[in-house]
$ cat target18.tsv   # TSV, C-alpha atoms
chain	number	residue	atom	x	y	z
H	10	MET	CA	69.99	53.11	-50.46
H	11	ASP	CA	67.29	55.33	-52.01
H	12	MET	CA	64.85	57.52	-50.07
H	13	LYS	CA	62.05	54.97	-50.08
H	14	GLU	CA	64.32	52.31	-48.60
H	15	LYS	CA	65.66	54.74	-46.00
H	16	ILE	CA	62.15	55.61	-44.88
H	17	GLN	CA	61.13	51.95	-44.69
H	18	SER	CA	64.21	51.13	-42.63
H	19	LEU	CA	63.58	53.83	-40.02
H	20	PRO	CA	63.01	52.48	-36.47
H	21	SER	CA	59.71	52.97	-34.65
H	22	SER	CA	61.49	54.63	-31.74
H	23	PRO	CA	62.04	58.19	-30.46
H	24	GLY	CA	64.61	60.30	-32.23
H	25	VAL	CA	65.47	63.16	-34.54
H	26	TYR	CA	65.41	63.26	-38.34
H	27	LEU	CA	67.50	65.58	-40.51
H	28	MET	CA	66.24	66.27	-44.03
H	29	LYS	CA	68.81	67.28	-46.66
H	30	ASP	CA	68.77	68.88	-50.11
H	31	SER	CA	70.65	67.83	-53.26
H	32	LEU	CA	73.85	69.47	-51.97
H	33	GLY	CA	73.74	67.62	-48.65
H	34	GLY	CA	72.71	70.72	-46.69
H	35	ILE	CA	70.36	70.23	-43.76
H	36	ILE	CA	67.10	72.01	-44.61
H	37	TYR	CA	64.86	70.72	-41.79
H	38	VAL	CA	65.25	69.09	-38.38
H	39	GLY	CA	62.32	67.36	-36.67
H	40	LYS	CA	61.71	65.03	-33.76
H	41	SER	CA	59.22	62.28	-33.04
H	42	LYS	CA	58.25	59.60	-30.55
H	43	ASN	CA	58.01	57.28	-33.56
H	44	LEU	CA	60.54	58.15	-36.27
H	45	LYS	CA	59.20	55.83	-38.96
H	46	LYS	CA	55.57	56.90	-38.60
H	47	ARG	CA	56.42	60.61	-38.51
H	48	VAL	CA	58.73	60.67	-41.54
H	49	GLN	CA	56.34	58.53	-43.58
H	50	SER	CA	53.60	61.10	-42.95
H	51	TYR	CA	55.52	63.70	-44.99
H	52	PHE	CA	55.49	61.53	-48.09
H	53	TYR	CA	52.31	59.47	-47.82
H	54	GLN	CA	49.84	62.23	-46.87
H	55	SER	CA	50.98	64.75	-49.45
H	56	LYS	CA	47.51	65.81	-50.68
H	57	SER	CA	46.45	67.16	-47.28
H	58	GLN	CA	49.78	68.80	-46.42
H	59	PRO	CA	50.12	72.61	-46.03
H	60	LYS	CA	52.02	74.43	-48.78
H	61	LYS	CA	55.13	74.85	-46.61
H	62	ILE	CA	55.34	71.10	-46.03
H	63	LYS	CA	54.85	70.38	-49.74
H	64	ALA	CA	57.65	72.82	-50.57
H	65	LEU	CA	59.91	71.12	-48.02
H	66	VAL	CA	59.20	67.63	-49.37
H	67	SER	CA	59.93	68.76	-52.94
H	68	HIS	CA	63.50	69.66	-51.89
H	69	ILE	CA	64.32	66.55	-49.82
H	70	ARG	CA	66.97	64.38	-51.44
H	71	ASP	CA	68.48	62.62	-48.44
H	72	LEU	CA	67.64	61.73	-44.88
H	73	GLU	CA	69.60	61.15	-41.69
H	74	HIS	CA	68.26	60.09	-38.31
H	75	ARG	CA	69.50	59.86	-34.74
H	76	VAL	CA	67.81	57.54	-32.28
H	77	THR	CA	67.24	58.56	-28.65
H	78	ASP	CA	66.06	56.54	-25.67
H	79	THR	CA	63.20	58.90	-24.82
H	80	GLU	CA	60.95	61.49	-26.43
H	81	PHE	CA	62.34	64.08	-24.00
H	82	GLU	CA	65.86	63.54	-25.36
H	83	ALA	CA	64.52	63.86	-28.90
H	84	PHE	CA	63.02	67.27	-28.02
H	85	MET	CA	66.29	68.48	-26.51
H	86	LEU	CA	68.40	67.16	-29.41
H	87	GLU	CA	66.09	68.76	-31.98
H	88	CYS	CA	66.37	72.11	-30.21
H	89	ARG	CA	70.17	71.93	-30.11
H	90	LEU	CA	70.47	70.89	-33.77
H	91	ILE	CA	68.16	73.70	-34.92
H	92	GLN	CA	70.31	76.20	-33.06
H	93	GLU	CA	73.47	74.65	-34.52
H	94	PHE	CA	72.44	74.29	-38.18
H	95	LYS	CA	69.66	76.92	-38.46
H	96	PRO	CA	67.86	74.94	-41.22
H	97	MET	CA	65.98	76.99	-43.78
H	98	TYR	CA	62.59	75.32	-43.33
H	99	ASN	CA	62.70	75.43	-39.53
H	100	LYS	CA	63.06	79.20	-39.88
H	101	LYS	CA	60.12	79.35	-42.27
H	102	MET	CA	57.82	77.22	-40.13
H	103	LYS	CA	58.91	78.56	-36.75
H	104	ASN	CA	61.46	81.28	-36.27
H	105	PRO	CA	63.67	80.10	-33.36
H	106	LEU	CA	65.34	83.51	-33.12
H	107	ALA	CA	62.16	85.59	-32.78
H	108	TYR	CA	62.41	86.80	-29.19
H	109	THR	CA	60.24	89.51	-27.67
H	110	TYR	CA	60.29	91.30	-24.30
H	111	ILE	CA	57.60	93.16	-22.39
H	112	VAL	CA	59.00	96.36	-20.89
H	113	VAL	CA	57.47	98.77	-18.38
H	114	ASN	CA	59.14	102.09	-19.15
H	115	MET	CA	58.63	105.73	-18.18
H	116	ARG	CA	57.51	107.87	-21.12
H	117	ASP	CA	55.66	111.20	-21.27
H	118	GLY	CA	55.14	111.26	-17.52
H	119	LEU	CA	53.55	107.78	-17.31
H	120	ARG	CA	54.87	104.25	-17.01
H	121	ARG	CA	54.01	102.54	-20.29
H	122	ILE	CA	53.75	98.85	-21.09
H	123	GLU	CA	55.62	98.37	-24.36
H	124	ILE	CA	57.18	95.67	-26.53
H	125	ALA	CA	60.91	95.42	-27.22
H	126	GLY	CA	63.14	93.10	-29.22
H	127	GLU	CA	66.13	93.49	-26.90
H	128	PRO	CA	66.68	94.74	-23.32
H	129	ALA	CA	68.19	98.21	-23.51
H	130	GLY	CA	70.49	97.65	-20.54
H	131	ASN	CA	70.66	99.98	-17.54
H	132	ASP	CA	67.70	102.16	-18.50
H	133	GLY	CA	65.70	101.78	-15.27
H	134	ALA	CA	62.91	99.88	-17.05
H	135	VAL	CA	61.40	96.59	-15.91
H	136	TYR	CA	61.71	93.74	-18.44
H	137	PHE	CA	59.86	90.44	-18.73
H	138	GLY	CA	60.73	87.67	-21.15
H	139	PRO	CA	62.11	86.69	-23.55
H	140	TYR	CA	59.03	85.23	-25.24
H	141	THR	CA	59.64	82.95	-28.20
H	142	SER	CA	56.27	83.21	-29.92
H	143	SER	CA	55.65	85.80	-32.61
H	144	ARG	CA	55.94	89.45	-31.66
H	145	HIS	CA	52.35	89.87	-32.83
H	146	SER	CA	51.10	87.37	-30.20
H	147	VAL	CA	52.80	89.27	-27.38
H	148	GLU	CA	51.60	92.63	-28.70
H	149	ARG	CA	48.04	91.29	-28.92
H	150	ALA	CA	48.18	90.06	-25.31
H	151	VAL	CA	49.44	93.43	-24.04
H	152	GLN	CA	46.93	95.46	-26.08
H	153	SER	CA	44.08	93.24	-24.92
H	154	PHE	CA	45.14	93.76	-21.30
H	155	LEU	CA	45.37	97.54	-21.71
H	156	GLU	CA	41.89	97.70	-23.20
H	157	CYS	CA	40.26	95.38	-20.65
H	158	CYS	CA	41.71	97.44	-17.78
H	159	GLN	CA	40.86	100.72	-19.52
H	160	ILE	CA	44.46	101.96	-19.50
H	161	ALA	CA	44.99	102.12	-23.29
H	162	CYS	CA	45.64	105.88	-23.26
H	163	SER	CA	46.45	107.19	-26.74
H	164	SER	CA	47.61	110.61	-25.57
H	165	ALA	CA	51.29	111.56	-25.85
H	166	GLY	CA	51.15	113.47	-22.55
H	167	PHE	CA	49.02	115.38	-20.05
H	168	ASN	CA	47.53	118.19	-22.16
H	169	GLY	CA	44.27	118.61	-20.29
H	170	SER	CA	42.11	117.05	-22.98
H	171	ALA	CA	40.77	113.52	-23.29
H	172	CYS	CA	42.34	111.17	-25.82
H	173	LEU	CA	40.37	109.33	-28.50
H	174	ASN	CA	40.47	106.07	-26.54
H	175	HIS	CA	38.79	107.80	-23.59
H	176	SER	CA	35.73	108.43	-25.72
H	177	LEU	CA	35.77	104.77	-26.76
H	178	GLY	CA	35.83	103.55	-23.16
H	179	LEU	CA	39.38	102.19	-23.43
H	180	CYS	CA	41.08	104.86	-21.30
H	181	ARG	CA	39.94	105.80	-17.80
H	182	GLY	CA	41.24	109.38	-18.22
H	183	MET	CA	44.93	109.39	-17.32
H	184	CYS	CA	45.33	112.05	-20.01
H	185	LEU	CA	43.13	114.33	-17.89
H	186	GLY	CA	45.13	113.76	-14.71
H	187	GLY	CA	43.57	113.46	-11.25
H	188	GLU	CA	42.49	110.19	-9.62
H	189	ALA	CA	42.70	108.28	-12.92
H	190	VAL	CA	46.51	108.57	-12.78
H	191	ASP	CA	46.59	106.99	-9.31
H	192	GLU	CA	44.30	104.18	-10.50
H	193	TYR	CA	46.52	103.68	-13.54
H	194	ASN	CA	49.69	103.43	-11.43
H	195	GLU	CA	48.03	100.90	-9.16
H	196	ILE	CA	47.12	98.72	-12.15
H	197	ILE	CA	50.69	98.95	-13.50
H	198	ASP	CA	52.05	97.86	-10.10
H	199	ARG	CA	49.65	94.91	-10.07
H	200	PHE	CA	50.55	94.01	-13.66
H	201	ILE	CA	54.25	93.87	-12.71
H	202	ALA	CA	53.39	91.77	-9.64
H	203	MET	CA	51.31	89.42	-11.79
H	204	LEU	CA	54.19	88.80	-14.19
H	205	ASP	CA	56.86	88.39	-11.52
H	206	GLY	CA	54.61	85.96	-9.65
H	207	SER	CA	54.33	87.91	-6.40
H	208	ASP	CA	50.61	88.74	-6.70
H	209	ARG	CA	48.00	87.14	-8.99
H	210	SER	CA	45.06	89.17	-7.66
H	211	LEU	CA	44.74	91.20	-10.88
H	212	TYR	CA	44.48	87.99	-12.92
H	213	GLU	CA	41.84	86.58	-10.57
H	214	GLU	CA	39.94	89.87	-10.66
H	215	MET	CA	39.80	89.69	-14.46
H	216	ARG	CA	38.42	86.15	-14.23
H	217	ASP	CA	35.75	87.34	-11.78
H	218	ARG	CA	34.78	90.20	-14.11
H	219	MET	CA	34.47	87.74	-16.99
H	220	GLN	CA	32.23	85.49	-14.90
H	221	ARG	CA	30.03	88.38	-13.72
H	222	ALA	CA	29.63	89.63	-17.30
H	223	ALA	CA	28.54	86.17	-18.43
H	224	GLU	CA	26.04	85.91	-15.55
H	225	ARG	CA	24.35	89.16	-16.61
H	226	TYR	CA	24.35	87.95	-20.25
H	227	ASP	CA	26.87	90.58	-21.35
H	228	PHE	CA	28.58	88.07	-23.61
H	229	GLU	CA	30.57	90.65	-25.56
H	230	THR	CA	32.35	91.84	-22.41
H	231	ALA	CA	32.78	88.26	-21.17
H	232	ALA	CA	34.35	87.26	-24.49
H	233	LYS	CA	36.72	90.25	-24.33
H	234	PHE	CA	37.97	89.22	-20.89
H	235	ARG	CA	38.14	85.54	-21.95
H	236	ASP	CA	40.36	86.39	-24.92
H	237	CYS	CA	42.56	88.60	-22.75
H	238	ILE	CA	42.98	85.89	-20.11
H	239	GLU	CA	43.88	83.30	-22.73
H	240	ALA	CA	46.53	85.63	-24.18
H	241	LEU	CA	47.92	86.37	-20.72
H	242	ASP	CA	48.09	82.65	-19.89
H	243	TYR	CA	50.85	82.23	-22.47
H	244	ILE	CA	52.86	85.11	-21.01
H	245	LEU	CA	52.40	83.87	-17.44
H	246	MET	CA	53.47	80.37	-18.44
H	247	LYS	CA	56.67	81.73	-19.98
H	248	GLU	CA	57.40	83.66	-16.79
H	249	LYS	CA	56.96	80.44	-14.79
H	250	VAL	CA	59.43	78.70	-17.08
H	251	ILE	CA	61.98	81.51	-16.73
H	252	GLY	CA	61.49	81.69	-12.96
H	253	PHE	CA	61.83	77.93	-12.52
H	254	THR	CA	64.98	77.83	-14.65
H	255	GLY	CA	66.51	80.86	-12.98
H	256	GLU	CA	66.34	79.14	-9.59
H	257	ASP	CA	69.27	76.93	-10.71
H	258	ARG	CA	67.76	73.81	-9.18
H	259	ASN	CA	69.62	70.50	-9.10
H	260	ILE	CA	67.10	68.10	-10.65
H	261	VAL	CA	67.23	64.31	-10.75
H	262	VAL	CA	64.92	62.67	-13.29
H	263	ILE	CA	64.35	58.97	-13.76
H	264	GLU	CA	62.36	57.62	-16.69
H	265	GLU	CA	61.46	53.96	-17.08
H	266	LEU	CA	62.55	52.55	-20.46
H	267	ASP	CA	61.25	49.02	-19.87
H	268	GLU	CA	60.93	46.60	-16.95
H	269	ASP	CA	64.70	46.06	-16.89
H	270	ARG	CA	66.10	49.54	-17.57
H	271	ILE	CA	65.70	53.12	-16.45
H	272	LYS	CA	67.21	56.34	-17.75
H	273	LEU	CA	68.82	58.76	-15.31
H	274	PHE	CA	69.04	62.49	-16.10
H	275	LEU	CA	70.77	65.16	-14.04
H	276	ILE	CA	69.51	68.61	-15.05
H	277	LYS	CA	70.62	72.12	-14.12
H	278	ARG	CA	68.97	75.24	-15.52
H	279	SER	CA	68.38	74.51	-19.22
H	280	ARG	CA	70.95	71.74	-19.62
H	281	ILE	CA	71.11	67.99	-19.22
H	282	LEU	CA	74.45	67.65	-17.41
H	283	TYR	CA	74.45	63.87	-17.38
H	284	SER	CA	72.37	60.95	-18.64
H	285	GLU	CA	72.83	57.21	-18.31
H	286	ARG	CA	70.92	54.01	-18.96
H	287	ILE	CA	70.86	51.88	-15.82
H	288	SER	CA	69.92	48.22	-15.61
H	289	VAL	CA	67.67	47.51	-12.63
H	290	ARG	CA	67.47	43.76	-13.12
H	291	GLY	CA	68.69	42.21	-9.89
H	292	CYS	CA	69.64	45.65	-8.51
H	293	ASP	CA	68.32	46.54	-5.05
H	294	THR	CA	67.32	50.05	-3.98
H	295	ALA	CA	70.41	50.57	-1.81
H	296	SER	CA	72.81	49.82	-4.69
H	297	LEU	CA	70.85	52.05	-7.04
H	298	CYS	CA	70.93	54.89	-4.47
H	299	VAL	CA	74.72	54.64	-4.21
H	300	LYS	CA	75.10	54.80	-8.00
H	301	ILE	CA	72.83	57.81	-8.39
H	302	LYS	CA	74.34	59.60	-5.38
H	303	THR	CA	77.82	59.26	-6.88
H	304	ALA	CA	76.59	60.93	-10.09
H	305	ILE	CA	74.86	63.67	-8.06
H	306	PHE	CA	78.08	64.70	-6.32
H	307	SER	CA	80.05	64.47	-9.56
H	308	TYR	CA	77.74	66.89	-11.39
H	309	PHE	CA	76.01	68.90	-8.65
H	310	GLY	CA	78.82	69.05	-6.10
H	311	PRO	CA	80.38	72.28	-4.74
H	312	ASP	CA	83.23	72.17	-7.29
H	313	THR	CA	80.79	72.27	-10.21
H	314	ARG	CA	78.76	75.32	-9.22
H	315	LEU	CA	78.65	78.38	-11.45
H	316	PRO	CA	77.60	81.92	-10.53
H	317	SER	CA	73.85	82.50	-10.79
H	318	SER	CA	72.65	84.60	-13.70
H	319	GLU	CA	69.44	85.62	-15.43
H	320	VAL	CA	67.96	83.21	-17.96
H	321	SER	CA	69.32	84.25	-21.35
H	322	ARG	CA	67.37	84.23	-24.60
H	323	GLU	CA	69.59	81.39	-25.83
H	324	GLU	CA	68.33	79.21	-22.93
H	325	VAL	CA	64.61	79.80	-23.33
H	326	ASP	CA	63.78	77.04	-25.83
H	327	GLU	CA	65.59	74.34	-23.84
H	328	ALA	CA	64.13	75.70	-20.60
H	329	GLN	CA	60.60	75.42	-22.04
H	330	ILE	CA	61.20	71.78	-23.05
H	331	ILE	CA	62.58	70.86	-19.62
H	332	TYR	CA	59.82	72.69	-17.73
H	333	SER	CA	57.04	71.11	-19.82
H	334	TYR	CA	58.61	67.67	-19.40
H	335	LEU	CA	58.81	68.03	-15.62
H	336	GLN	CA	55.20	69.26	-15.41
H	337	ARG	CA	53.79	66.27	-17.28
H	338	SER	CA	51.38	64.13	-15.27
H	339	ASP	CA	53.78	61.17	-15.49
H	340	GLY	CA	56.91	63.26	-14.93
H	341	ARG	CA	58.86	62.20	-11.84
H	342	TYR	CA	61.72	64.30	-10.55
H	343	LEU	CA	63.61	65.08	-7.37
H	344	VAL	CA	65.15	68.43	-6.46
H	345	ILE	CA	68.42	68.30	-4.50
H	346	PRO	CA	68.81	71.48	-2.37
H	347	GLU	CA	72.28	73.04	-2.29
H	348	GLU	CA	72.53	72.59	1.49
H	349	TRP	CA	72.34	68.81	1.04
H	350	LEU	CA	75.51	68.85	-1.04
H	351	GLY	CA	77.83	69.95	1.77
H	352	SER	CA	78.88	66.39	2.53
H	353	GLU	CA	78.81	63.12	0.61
H	354	ASP	CA	77.50	61.46	3.78
H	355	SER	CA	74.27	63.46	3.45
H	356	ALA	CA	71.46	61.50	5.09
H	357	GLU	CA	68.91	63.83	3.49
H	358	ILE	CA	69.96	62.72	-0.02
H	359	ASP	CA	69.90	59.05	1.03
H	360	ASP	CA	66.39	59.31	2.46
H	361	ALA	CA	65.08	61.38	-0.48
H	362	LEU	CA	66.52	59.01	-3.08
H	363	GLU	CA	65.12	55.96	-1.35
H	364	THR	CA	61.62	57.47	-1.19
H	365	PHE	CA	61.92	58.72	-4.78
H	366	LEU	CA	62.97	55.32	-6.18
H	367	ASP	CA	60.16	53.57	-4.32
H	368	GLU	CA	57.68	55.85	-6.08
H	369	VAL	CA	59.14	55.52	-9.59
$ encode --input "target18.tsv" --output "structure tokens"
Amino acid sequence: MDMKEKIQSLPSSPGVYLMKDSLGGIIYVGKSKNLKKRVQSYFYQSKSQPKKIKALVSHIRDLEHRVTDTEFEAFMLECRLIQEFKPMYNKKMKNPLAYTYIVVNMRDGLRRIEIAGEPAGNDGAVYFGPYTSSRHSVERAVQSFLECCQIACSSAGFNGSACLNHSLGLCRGMCLGGEAVDEYNEIIDRFIAMLDGSDRSLYEEMRDRMQRAAERYDFETAAKFRDCIEALDYILMKEKVIGFTGEDRNIVVIEELDEDRIKLFLIKRSRILYSERISVRGCDTASLCVKIKTAIFSYFGPDTRLPSSEVSREEVDEAQIIYSYLQRSDGRYLVIPEEWLGSEDSAEIDDALETFLDEV
């Protein structure tokens, strides 16, 4: 079967496609809600394609696909296959190994907000991340924050003279010592609290300052705060993902495939532990509860628990997919607390499942 026939024979269902070169090597992995429509777009819209896509298409000699029941599964499978095969064009279009951390570290007598590619270990610093976007995006967010809060000191230490950024209005005078150092330390504390989720007052204060600047027609200042807030939103979202994943929740997800079938997922951290298609034709709620409860104790029970740990950089991509999926407006999921798993006769699980299934 030639390429044209393979493309025409693709199903219009969710799944993953693997593009291969003349030697059979996988050069690109993609996913789609509609395999046929997505793959056709590479070949039938060639004039409007970016150069990277045109280069990819010129090297495609074979095609493989894997069908999934849902778009969510296609996302997860794509992520796993990219990590497994590390295709050349996935690296060119989006580097899956480009991880960046924000670190608050002591240097030259001041805590500094810096960027790092790897945690340095037991160095006493505070780390946030990893972030999977480009290092430049994270650096831009941090620099924008430093300038908006006037803590972008360019001095290497306290030498009694103002740094260049002080004259530009970007440094409140930490280099000169005095009250500015106390103000600086307070902002650093609030920055850490903003990222770890314990206090968002600094974020809200920046929004208020943006609004006040706009009301007095100082659009340059308002735009500066707007751009900073937009850059910080990405960082804060990543911290939510990492925090949610690090809580090691036991998550039950049910997705409707059609009027006769549902798909059950049991999720822990960044992994789908179990998935199953279930026929609901002629199946009452009580029977369905028993079936799901059996799976819950098989995969979430006391014998399956692992020690808690920080979210690793290898988990971040899957964690982002799972978090985004659960936050969708149509996403339905149930969290099973650990204390409910002490006994298989748990009335709490029975009641929660019954209510959950009635709402699906």
$ residues_around --input "target18.tsv" --residues "Val135 of chain H" --least-positions-apart "3" --cutoff "8 Å" --atoms "all atoms listed in the file" --output "list of chain:residue names"
H:Val112, H:Val113, H:Asn114
$ closest_atom_pairs --input "target18.tsv" --of "segment 88-186 of chain H" --to "segment 239-251 of chain H" --cutoff "7 Å" --atoms "only C-alpha atoms" --output "tab-separated table"
residue	atom	partner	partner_atom	distance
H:Gly138	CA	H:Glu248	CA	6.8
H:Tyr140	CA	H:Lys247	CA	6.7
H:Ala150	CA	H:Ala240	CA	4.9
$ closest_residue --input "target18.tsv" --among "H:Ser163, H:Thr254, H:Ser352, H:Ser22" --to "Lys302 of chain H" --atoms "only C-alpha atoms"
H:Ser352
$ residues_near_point --input "target18.tsv" --point "(65.9, 55.1, -23.0)" --cutoff "10 Å" --atoms "all atoms listed in the file" --output "PDB file with C-alpha atoms, in the frame of the given file"
ATOM      1  CA  SER H  22      61.490  54.630 -31.740  1.00  0.00           C
ATOM      2  CA  PRO H  23      62.040  58.190 -30.460  1.00  0.00           C
ATOM      3  CA  VAL H  76      67.810  57.540 -32.280  1.00  0.00           C
ATOM      4  CA  THR H  77      67.240  58.560 -28.650  1.00  0.00           C
ATOM      5  CA  ASP H  78      66.060  56.540 -25.670  1.00  0.00           C
ATOM      6  CA  THR H  79      63.200  58.900 -24.820  1.00  0.00           C
ATOM      7  CA  GLU H  80      60.950  61.490 -26.430  1.00  0.00           C
ATOM      8  CA  PHE H  81      62.340  64.080 -24.000  1.00  0.00           C
ATOM      9  CA  GLU H  82      65.860  63.540 -25.360  1.00  0.00           C
ATOM     10  CA  GLU H 264      62.360  57.620 -16.690  1.00  0.00           C
ATOM     11  CA  GLU H 265      61.460  53.960 -17.080  1.00  0.00           C
ATOM     12  CA  LEU H 266      62.550  52.550 -20.460  1.00  0.00           C
ATOM     13  CA  ASP H 267      61.250  49.020 -19.870  1.00  0.00           C
ATOM     14  CA  ARG H 270      66.100  49.540 -17.570  1.00  0.00           C
ATOM     15  CA  ILE H 271      65.700  53.120 -16.450  1.00  0.00           C
ATOM     16  CA  LYS H 272      67.210  56.340 -17.750  1.00  0.00           C
ATOM     17  CA  LEU H 273      68.820  58.760 -15.310  1.00  0.00           C
ATOM     18  CA  SER H 284      72.370  60.950 -18.640  1.00  0.00           C
ATOM     19  CA  GLU H 285      72.830  57.210 -18.310  1.00  0.00           C
ATOM     20  CA  ARG H 286      70.920  54.010 -18.960  1.00  0.00           C
ATOM     21  CA  ILE H 287      70.860  51.880 -15.820  1.00  0.00           C
TER      22      ILE H 287
END
$ residues_around --input "target18.tsv" --residues "segment 122-133 of chain H" --least-positions-apart "4" --cutoff "12 Å" --atoms "all atoms listed in the file" --output "JSON, numbers by chain"
{"H": [106, 107, 108, 109, 110, 111, 112, 113, 114, 115, 116, 137, 138, 139, 140, 141, 143, 144, 145, 146, 147, 148, 149, 150, 151, 152, 153, 154, 155, 160, 161, 162, 193, 194, 196, 197, 198, 200, 201, 321, 322]}
$ atom_distance --input "target18.tsv" --atom1 "atom CA of Pro59 of chain H" --atom2 "atom CA of Phe84 of chain H"
22.8 Å
